[in-house]
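To keep things clear, I will list the structure first and then write my remarks on it.
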Amino acid sequence: MAEIKVPELAESITEGTIAQWLKQPGDTVEKGEFIVELETDKVNVEVISEEAGVVQEHLAQEGDTVEVGQVIAIVGESSGETTAPKAEEVPQKAEEPAKTEAPATQEPVEKDPAAEEQSSSDRTIASPAARKLAREKGIDLAAISPVDPMGRVRVQDVEAHGSKPAASAPAAKAEAPKSAFSSDEESGRIVREKMTRRRQTIAKRLLEVRQSTAMLTTFNEIDMTNVMALRSRKKDQFLKNNDVKLGFMSFFTKAVTAALKKYPYVNAELEGTDVLLKQFYDVGIAVSTEEGLVVPIVRDTDKKNFAEIEETIGELAKKARDKKLSIADMTGGSFTITNGGVFGSLLSTPILNGAQVGILGMHTIQKRPVAIGDEVEIRPMMYVALSYDHRVIDGSDSVGFLKMVKNMIENPEDLLLES
């Protein structure tokens with residue numbers, strides 16, 4: 001027999017949520033096969049079984065919060081004997097109906113509707129989390145039409161059915177007042193949706209940053225003419241030589257790295273009354289996923305060339321979309337770049353990422369009339385924003401940092417010398 005425990009996740013993560021059981025009680029499992037998926041604050045983690053056998057019991061349900069080291073399932077030998085009734089119990093159970101059978105002359109026993117409903121619910125195939133939610137909402141599982149073609153009721157089915165009034169609704173109305181949106185929920189005008197664990201964590205940390213830092217944002221604009229022209233001339237040869245496309249992120253990553261070297265306090269972290277000046281350049285690149293923004297790290301950007309940076313960004317973005325990022329992929333960054341321009345954002349004020357003191361926001365490239373000497377020309381322009389913690393970084397450093405990034409993007413050949 002083997003116990004399935006919540007593994008060590010990361011130094012700062014002590015708990016997670018059971019997102020989905022991949023193996024149900026009675027299912028066979030091979031050694032090294034995934035048995036459950038955990039959702040943590042940063043990534044999803046699939047837990048394996050250390051032994052082959054049969055899943056005998058789940059000790060936690062989907063949606064439950066579990067801690068590192070907690071036993072959440074039992075895997076036993078393939079016979080699965082622990083789940084079967086004991087032999088000596090069978091005769092007793094077989095005799096029970098005779099003991100409770102009523103005499104022929106007795107009036108028929110009236111059936112309890114509540115008991116019938118409970119029996120019907122028990123026969124319905126449903127996930128543990130769905131059963132728990134149905135009990136909380138007072139919903140009969142048998143009344144739910146599941147989306148699963150195999151007939152298994154899941155949490156989503158219970159939530160979708162939840163807009164219908166439960167059998168005990170009249171009593172509930174008398175006991176507790178409804179929210180302002182209750183009638184709209186019942187009519188389907190409003191759908192209530194619980195935030196995912198990751199979305200809750202994102203919300204909590206963004207609020208913590210706003211409340212615990214003296215965050216300011218400074219802006220500038222970059223003429224993208226030269227870097228676009230260089231990229232246009234070199235992109236085909238670059239792809240042929242490196243088997244990866246040349247994008248703008250590698251230019252901005254190299255420009256940021258050079259600026260961090262000149263302005264070391266932007267590459268720092270505040271710990272109590274100490275400023276930790278980082279002597280490495282690990283730049284986080286924000287990636288949008290279905291479950292929210294994640295920030296995987298491109299390590300040692302000062303030692304990587306353009307092709308290596310583009311390749312690393314591509315690999316991390318794919319892992320993010322496939323939910324394959326590890327904790328190590330997202331910890332230890334010293335600065336972050338976020339590109340709202342891919343969604344068409346013209347201007348924004350990015351929020352600091354965790355304990356970092358600086359984040360660069362890129363935006364969409366838009367043709368605008370600009371003064372070039374005494375002439376007005378139409379140029380491809382990009383607004384850029386640097387949000388920073390004013391407790392560590394002075395205005396002169398923030399403006400100087402952003403201006404250096406601007407100058408190197410407008411003169412991309414300088415990146416070869418400065419970065």
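Each chain in the structure tokens gets a letter, A, B and so on, in the order shown; residues start at 1 in every chain, and ligands are counted from 1 in the order they appear.
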* To do: Mind checking which residues fall within 8 Å of Thr40 in chain A, counting only C-alpha atoms, ignoring those fewer than 2 positions away in the same chain, and posting them as a list in words?
  => Ile13, Glu15, Gly16, Thr17, Leu38, Lys42, Val43, Asn44, Val45, Arg197 and Arg198 of chain A
* Asked: Which residues come within 9 Å of range 204-207 of chain A, counting only C-alpha atoms, excluding same-chain residues fewer than 4 positions away, as a PyMOL selection string?
  -> chain A and resi 199-200+211-212+351-354
* Near range 400-402 of chain A, counting only C-alpha atoms, which residues have an atom at most 8 Å away, once you skip same-chain residues fewer than 6 positions from it, shown as a ChimeraX atom specification? -> /A:219-220,259-260,262-263,385-386
Output file for the residues above (all heavy atoms, as a PDB file, in the first residue's frame):
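Final output, again_22.pdb:
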```pdb
ATOM      1  N   PHE A 219       6.936  57.937 -18.228  1.00  0.00           N
ATOM      2  CA  PHE A 219       6.645  57.555 -19.605  1.00  0.00           C
ATOM      3  C   PHE A 219       7.642  58.171 -20.582  1.00  0.00           C
ATOM      4  O   PHE A 219       8.274  59.191 -20.293  1.00  0.00           O
ATOM      5  CB  PHE A 219       5.232  58.007 -20.006  1.00  0.00           C
ATOM      6  CG  PHE A 219       4.155  57.482 -19.109  1.00  0.00           C
ATOM      7  CD1 PHE A 219       3.702  58.230 -18.030  1.00  0.00           C
ATOM      8  CD2 PHE A 219       3.583  56.239 -19.335  1.00  0.00           C
ATOM      9  CE1 PHE A 219       2.706  57.759 -17.195  1.00  0.00           C
ATOM     10  CE2 PHE A 219       2.590  55.755 -18.509  1.00  0.00           C
ATOM     11  CZ  PHE A 219       2.144  56.514 -17.434  1.00  0.00           C
ATOM     12  N   ASN A 220       7.747  57.544 -21.726  1.00  0.00           N
ATOM     13  CA  ASN A 220       8.507  58.093 -22.840  1.00  0.00           C
ATOM     14  C   ASN A 220       7.944  57.482 -24.112  1.00  0.00           C
ATOM     15  O   ASN A 220       7.058  56.622 -24.039  1.00  0.00           O
ATOM     16  CB  ASN A 220      10.003  57.796 -22.692  1.00  0.00           C
ATOM     17  CG  ASN A 220      10.870  58.898 -23.278  1.00  0.00           C
ATOM     18  OD1 ASN A 220      10.571  59.428 -24.350  1.00  0.00           O
ATOM     19  ND2 ASN A 220      11.941  59.254 -22.570  1.00  0.00           N
ATOM     20  N   ALA A 259      20.649  48.809 -19.673  1.00  0.00           N
ATOM     21  CA  ALA A 259      20.234  49.897 -18.789  1.00  0.00           C
ATOM     22  C   ALA A 259      20.316  49.484 -17.320  1.00  0.00           C
ATOM     23  O   ALA A 259      20.651  50.300 -16.449  1.00  0.00           O
ATOM     24  CB  ALA A 259      18.812  50.339 -19.144  1.00  0.00           C
ATOM     25  N   LEU A 260      20.045  48.217 -17.019  1.00  0.00           N
ATOM     26  CA  LEU A 260      20.152  47.731 -15.640  1.00  0.00           C
ATOM     27  C   LEU A 260      21.598  47.790 -15.156  1.00  0.00           C
ATOM     28  O   LEU A 260      21.856  48.042 -13.964  1.00  0.00           O
ATOM     29  CB  LEU A 260      19.631  46.291 -15.535  1.00  0.00           C
ATOM     30  CG  LEU A 260      18.116  46.094 -15.684  1.00  0.00           C
ATOM     31  CD1 LEU A 260      17.773  44.609 -15.724  1.00  0.00           C
ATOM     32  CD2 LEU A 260      17.353  46.789 -14.561  1.00  0.00           C
ATOM     33  N   LYS A 262      23.782  50.020 -16.026  1.00  0.00           N
ATOM     34  CA  LYS A 262      24.121  51.416 -15.763  1.00  0.00           C
ATOM     35  C   LYS A 262      23.354  51.965 -14.561  1.00  0.00           C
ATOM     36  O   LYS A 262      23.852  52.844 -13.831  1.00  0.00           O
ATOM     37  CB  LYS A 262      23.825  52.276 -16.993  1.00  0.00           C
ATOM     38  CG  LYS A 262      24.259  53.716 -16.832  1.00  0.00           C
ATOM     39  CD  LYS A 262      24.156  54.494 -18.132  1.00  0.00           C
ATOM     40  CE  LYS A 262      24.626  55.932 -17.953  1.00  0.00           C
ATOM     41  NZ  LYS A 262      24.561  56.703 -19.215  1.00  0.00           N
ATOM     42  N   TYR A 263      22.146  51.451 -14.327  1.00  0.00           N
ATOM     43  CA  TYR A 263      21.307  51.908 -13.210  1.00  0.00           C
ATOM     44  C   TYR A 263      21.012  50.708 -12.306  1.00  0.00           C
ATOM     45  O   TYR A 263      19.917  50.126 -12.347  1.00  0.00           O
ATOM     46  CB  TYR A 263      20.016  52.537 -13.739  1.00  0.00           C
ATOM     47  CG  TYR A 263      20.251  53.773 -14.570  1.00  0.00           C
ATOM     48  CD1 TYR A 263      20.369  53.686 -15.957  1.00  0.00           C
ATOM     49  CD2 TYR A 263      20.388  55.015 -13.965  1.00  0.00           C
ATOM     50  CE1 TYR A 263      20.592  54.819 -16.729  1.00  0.00           C
ATOM     51  CE2 TYR A 263      20.611  56.155 -14.722  1.00  0.00           C
ATOM     52  CZ  TYR A 263      20.718  56.046 -16.103  1.00  0.00           C
ATOM     53  OH  TYR A 263      20.954  57.179 -16.860  1.00  0.00           O
ATOM     54  N   ALA A 385       6.449  52.640 -20.668  1.00  0.00           N
ATOM     55  CA  ALA A 385       6.213  53.086 -19.296  1.00  0.00           C
ATOM     56  C   ALA A 385       7.109  52.300 -18.350  1.00  0.00           C
ATOM     57  O   ALA A 385       7.236  51.086 -18.476  1.00  0.00           O
ATOM     58  CB  ALA A 385       4.749  52.882 -18.924  1.00  0.00           C
ATOM     59  N   LEU A 386       7.727  52.997 -17.424  1.00  0.00           N
ATOM     60  CA  LEU A 386       8.507  52.347 -16.368  1.00  0.00           C
ATOM     61  C   LEU A 386       7.829  52.626 -15.037  1.00  0.00           C
ATOM     62  O   LEU A 386       7.778  53.763 -14.575  1.00  0.00           O
ATOM     63  CB  LEU A 386       9.945  52.871 -16.337  1.00  0.00           C
ATOM     64  CG  LEU A 386      10.782  52.328 -15.171  1.00  0.00           C
ATOM     65  CD1 LEU A 386      11.125  50.848 -15.403  1.00  0.00           C
ATOM     66  CD2 LEU A 386      12.062  53.141 -14.971  1.00  0.00           C
TER      67      LEU A 386
END
```
* May I have the residues within 10 Å of Lys324 in chain A as a PyMOL selection string, using only C-alpha atoms and disregarding those fewer than 3 positions away in the same chain? => chain A and resi 43-46+316-321+327+329
Just the selected residues (C-alpha atoms), exported as a PDB file, in the first residue's frame, please.
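Below you can see result19.pdb, which holds the result:
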```
ATOM      1  CA  VAL A  43       1.605  26.683 -11.690  1.00  0.00           C
ATOM      2  CA  ASN A  44      -0.314  23.422 -11.966  1.00  0.00           C
ATOM      3  CA  VAL A  45       1.558  20.359 -10.698  1.00  0.00           C
ATOM      4  CA  GLU A  46       0.751  16.766 -11.638  1.00  0.00           C
ATOM      5  CA  LEU A 316       8.642  29.584 -22.088  1.00  0.00           C
ATOM      6  CA  ALA A 317       5.579  31.001 -23.857  1.00  0.00           C
ATOM      7  CA  LYS A 318       4.704  27.537 -25.197  1.00  0.00           C
ATOM      8  CA  LYS A 319       5.119  25.974 -21.756  1.00  0.00           C
ATOM      9  CA  ALA A 320       2.865  28.684 -20.311  1.00  0.00           C
ATOM     10  CA  ARG A 321       0.108  28.024 -22.854  1.00  0.00           C
ATOM     11  CA  ILE A 327       8.091  26.747 -10.193  1.00  0.00           C
ATOM     12  CA  ASP A 329      10.697  28.804 -14.455  1.00  0.00           C
TER      13      ASP A 329
END
```
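Checking A:Gln61, A:Trp21, A:Asn241, A:Gly69 one by one against Ala130 in chain A, counting only C-alpha atoms, you find the shortest gap at A:Gln61.
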* Asked: Near Ala328 in chain A, within 9 Å and counting only C-alpha atoms, which residues show up once chain neighbours fewer than 3 positions away are dropped, as a PyMOL selection string?
  -> chain A and resi 10+296-297+325+331-332
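Closest approach to Ile285 in chain A from the set A:Asn305, A:Thr196, A:Thr338, A:Ser326 is made by A:Thr338, with distances taken over only C-alpha atoms.
From CA of Pro412 in chain A back to CA of Asn226 in chain A, the distance works out to 7.1 Å.
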* Members of range 141-348 of chain A assigned strand (DSSP E) by DSSP, as an MDAnalysis selection string -> chainID A and resid 215:223 268:271 274:277 283:285 287:289 292:294 297:298 335:339
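Taking only C-alpha atoms, the non-local environment of range 362-366 of chain A within 6 Å (same-chain residues fewer than 3 positions away omitted) comprises A:Asn339, A:Gly340, A:Gly341, A:Gly344, A:Ser345, A:Leu346, A:Pro380, A:Met381, A:Met382, A:Tyr383, A:Val384.
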Writer output for current selection, C-alpha atoms, as a short mmCIF file (atom, residue, chain, number, x, y, z; two decimals), in the first residue's frame:
```
data_model
loop_
_atom_site.label_atom_id
_atom_site.label_comp_id
_atom_site.auth_asym_id
_atom_site.auth_seq_id
_atom_site.Cartn_x
_atom_site.Cartn_y
_atom_site.Cartn_z
CA ASN A 339 3.96 43.92 -23.63
CA GLY A 340 0.37 45.15 -23.67
CA GLY A 341 0.90 46.15 -27.27
CA GLY A 344 -3.56 46.84 -28.85
CA SER A 345 -2.89 48.80 -25.65
CA LEU A 346 -1.72 52.33 -26.42
CA PRO A 380 5.96 54.33 -36.16
CA MET A 381 5.94 55.26 -32.47
CA MET A 382 5.61 53.26 -29.26
CA TYR A 383 4.82 54.59 -25.82
CA VAL A 384 6.83 52.91 -23.05
#
```
* Distance criterion (only C-alpha atoms): nearest to Lys303 in chain A out of A:Lys254, A:Thr349, A:Lys367, A:Thr225 -> A:Lys254
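Put simply, CA of His58 in chain A is 6.1 Å away from CA of Ile72 in chain A.
Nearest residue to Asn242 in chain A among A:Val370, A:Leu416, A:Ile309, A:Met330 is A:Ile309, counting only C-alpha atoms.
If only C-alpha atoms are the atoms counted, then among A:Asp223, A:Glu308, A:Asp300, A:Asp322 the closest residue to Ser288 in chain A is A:Asp322.
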* Separation of CA of Thr289 in chain A from CA of Phe335 in chain A in Å -> 20.1 Å
